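First up is the structure itself, then whatever we jot down about it.
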Amino acid sequence: MHRWIDCYAPLFGRILMGGFFLWQGIQATLNFANTTLVFNNVLWVPADVAAVIVIAIEVGGGICLIVGSRVRLVAILLAMFMLLTSTFLLDYSYGPALALFMSNMAIAGGLLCIASAAPSSWKR
């Protein structure tokens, strides 16, 4: 018999973390014009292409975490995504950016914990 923390905590953690990314992707889709403004400074990719890529990563990664599909791989890729977007897209000229950066690092850390501990499917 498994303890609750062993059976359900990883599932709830994946649902919460996946829900975060799914929600962000849905919001970015609904506010596509504002999303593309964020990527105007990315010179190597057109802003609308970058926005579509980010939305696909957030929505796809969120769904994968929620349903338990390729959890380890997706969690690692989303952690790398958080590190890269925090490093290259945040404007550190205003005060709240540091708090946002630290929040993103905490999310990346949680994703790495999911990658190391969570099962890859619904069942153990």
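FYI, nothing fancy with the structure tokens labels: chains A, B, ... in order, residues from 1 per chain, ligands from 1 as they appear.
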
Within 8 Å of region 13-24 of chain A using only C-alpha atoms, minus same-chain residues under 2 positions, as a PyMOL selection string = chain A and resi 9-11+26-28+58-68+111+114

Written selection (C-alpha atoms) as a PDB file, in the first residue's frame:
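Output file out-v8.pdb follows:
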```pdb
ATOM      1  CA  ALA A   9       1.356  14.317  -4.651  1.00  0.00           C
ATOM      2  CA  PRO A  10       3.273  13.825  -7.936  1.00  0.00           C
ATOM      3  CA  LEU A  11      -0.028  13.704  -9.828  1.00  0.00           C
ATOM      4  CA  ILE A  26      -4.258  30.030 -23.525  1.00  0.00           C
ATOM      5  CA  GLN A  27      -3.833  33.614 -22.297  1.00  0.00           C
ATOM      6  CA  ALA A  28      -1.072  34.208 -24.828  1.00  0.00           C
ATOM      7  CA  GLU A  58       3.293  26.200 -23.183  1.00  0.00           C
ATOM      8  CA  VAL A  59       0.065  24.526 -24.296  1.00  0.00           C
ATOM      9  CA  GLY A  60       1.710  21.283 -25.418  1.00  0.00           C
ATOM     10  CA  GLY A  61       3.952  21.048 -22.381  1.00  0.00           C
ATOM     11  CA  GLY A  62       1.092  21.841 -20.026  1.00  0.00           C
ATOM     12  CA  ILE A  63      -1.116  19.152 -21.524  1.00  0.00           C
ATOM     13  CA  CYS A  64       1.708  16.597 -21.404  1.00  0.00           C
ATOM     14  CA  LEU A  65       2.315  17.277 -17.717  1.00  0.00           C
ATOM     15  CA  ILE A  66      -1.374  17.094 -16.873  1.00  0.00           C
ATOM     16  CA  VAL A  67      -1.994  13.787 -18.642  1.00  0.00           C
ATOM     17  CA  GLY A  68       1.369  12.294 -17.669  1.00  0.00           C
ATOM     18  CA  LEU A 111      10.055  21.255 -13.024  1.00  0.00           C
ATOM     19  CA  ILE A 114       9.113  16.724 -11.271  1.00  0.00           C
TER      20      ILE A 114
END
```

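CA of Ser86 (chain A) sits 9.7 Å away from CA of Ser103 (chain A).
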
Please return as a ChimeraX atom specification: the residues of region 28-109 of chain A that backbone DSSP assigns to helix (DSSP H, G or I).
-> /A:28-30,32-38,47-67,71-89,96-109

Just-selected residues, C-alpha atoms written as a PDB file, in the first residue's frame:
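Contents of again.pdb, as written:
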```
ATOM      1  CA  ALA A  28      -1.072  34.208 -24.828  1.00  0.00           C
ATOM      2  CA  THR A  29      -3.346  32.887 -27.570  1.00  0.00           C
ATOM      3  CA  LEU A  30      -6.290  35.029 -26.515  1.00  0.00           C
ATOM      4  CA  PHE A  32      -1.965  37.256 -29.429  1.00  0.00           C
ATOM      5  CA  ALA A  33      -1.322  40.894 -30.412  1.00  0.00           C
ATOM      6  CA  ASN A  34       0.134  41.653 -26.982  1.00  0.00           C
ATOM      7  CA  THR A  35       2.094  38.410 -27.028  1.00  0.00           C
ATOM      8  CA  THR A  36       3.799  39.368 -30.279  1.00  0.00           C
ATOM      9  CA  LEU A  37       4.830  42.720 -28.748  1.00  0.00           C
ATOM     10  CA  VAL A  38       6.932  40.826 -26.218  1.00  0.00           C
ATOM     11  CA  ALA A  47       7.570  38.190 -33.522  1.00  0.00           C
ATOM     12  CA  ASP A  48       4.501  36.275 -34.672  1.00  0.00           C
ATOM     13  CA  VAL A  49       6.533  33.113 -35.301  1.00  0.00           C
ATOM     14  CA  ALA A  50       8.149  33.365 -31.861  1.00  0.00           C
ATOM     15  CA  ALA A  51       4.729  33.842 -30.268  1.00  0.00           C
ATOM     16  CA  VAL A  52       3.330  30.749 -31.994  1.00  0.00           C
ATOM     17  CA  ILE A  53       6.346  28.687 -30.910  1.00  0.00           C
ATOM     18  CA  VAL A  54       6.016  29.817 -27.297  1.00  0.00           C
ATOM     19  CA  ILE A  55       2.274  29.156 -27.278  1.00  0.00           C
ATOM     20  CA  ALA A  56       2.856  25.653 -28.680  1.00  0.00           C
ATOM     21  CA  ILE A  57       5.489  24.949 -26.018  1.00  0.00           C
ATOM     22  CA  GLU A  58       3.293  26.200 -23.183  1.00  0.00           C
ATOM     23  CA  VAL A  59       0.065  24.526 -24.296  1.00  0.00           C
ATOM     24  CA  GLY A  60       1.710  21.283 -25.418  1.00  0.00           C
ATOM     25  CA  GLY A  61       3.952  21.048 -22.381  1.00  0.00           C
ATOM     26  CA  GLY A  62       1.092  21.841 -20.026  1.00  0.00           C
ATOM     27  CA  ILE A  63      -1.116  19.152 -21.524  1.00  0.00           C
ATOM     28  CA  CYS A  64       1.708  16.597 -21.404  1.00  0.00           C
ATOM     29  CA  LEU A  65       2.315  17.277 -17.717  1.00  0.00           C
ATOM     30  CA  ILE A  66      -1.374  17.094 -16.873  1.00  0.00           C
ATOM     31  CA  VAL A  67      -1.994  13.787 -18.642  1.00  0.00           C
ATOM     32  CA  VAL A  71       6.748  13.771 -18.035  1.00  0.00           C
ATOM     33  CA  ARG A  72      10.498  13.659 -17.489  1.00  0.00           C
ATOM     34  CA  LEU A  73      11.381  14.911 -20.963  1.00  0.00           C
ATOM     35  CA  VAL A  74       8.691  17.602 -20.972  1.00  0.00           C
ATOM     36  CA  ALA A  75       9.621  18.818 -17.476  1.00  0.00           C
ATOM     37  CA  ILE A  76      13.277  19.169 -18.476  1.00  0.00           C
ATOM     38  CA  LEU A  77      12.371  20.961 -21.718  1.00  0.00           C
ATOM     39  CA  LEU A  78      10.013  23.332 -19.883  1.00  0.00           C
ATOM     40  CA  ALA A  79      12.706  24.046 -17.267  1.00  0.00           C
ATOM     41  CA  MET A  80      15.134  24.926 -20.066  1.00  0.00           C
ATOM     42  CA  PHE A  81      12.401  27.045 -21.672  1.00  0.00           C
ATOM     43  CA  MET A  82      11.921  28.956 -18.399  1.00  0.00           C
ATOM     44  CA  LEU A  83      15.660  29.530 -18.035  1.00  0.00           C
ATOM     45  CA  LEU A  84      16.052  30.732 -21.623  1.00  0.00           C
ATOM     46  CA  THR A  85      13.024  33.011 -21.670  1.00  0.00           C
ATOM     47  CA  SER A  86      13.950  34.504 -18.314  1.00  0.00           C
ATOM     48  CA  THR A  87      17.486  35.158 -19.443  1.00  0.00           C
ATOM     49  CA  PHE A  88      16.791  36.597 -22.892  1.00  0.00           C
ATOM     50  CA  LEU A  89      13.332  38.149 -22.743  1.00  0.00           C
ATOM     51  CA  PRO A  96       9.647  43.880 -10.731  1.00  0.00           C
ATOM     52  CA  ALA A  97      11.780  42.039 -13.291  1.00  0.00           C
ATOM     53  CA  LEU A  98      14.019  40.571 -10.587  1.00  0.00           C
ATOM     54  CA  ALA A  99      11.012  39.163  -8.736  1.00  0.00           C
ATOM     55  CA  LEU A 100       9.700  37.683 -12.000  1.00  0.00           C
ATOM     56  CA  PHE A 101      13.130  36.201 -12.716  1.00  0.00           C
ATOM     57  CA  MET A 102      13.247  34.592  -9.257  1.00  0.00           C
ATOM     58  CA  SER A 103       9.703  33.211  -9.715  1.00  0.00           C
ATOM     59  CA  ASN A 104      10.725  31.710 -13.042  1.00  0.00           C
ATOM     60  CA  MET A 105      13.775  30.115 -11.431  1.00  0.00           C
ATOM     61  CA  ALA A 106      11.527  28.592  -8.763  1.00  0.00           C
ATOM     62  CA  ILE A 107       9.253  27.184 -11.476  1.00  0.00           C
ATOM     63  CA  ALA A 108      12.302  25.763 -13.281  1.00  0.00           C
ATOM     64  CA  GLY A 109      13.417  24.175 -10.016  1.00  0.00           C
TER      65      GLY A 109
END
```

CA of Ser116 (chain A) to CA of Arg70 (chain A): how many Å, to one decimal?
-> 12.4 Å
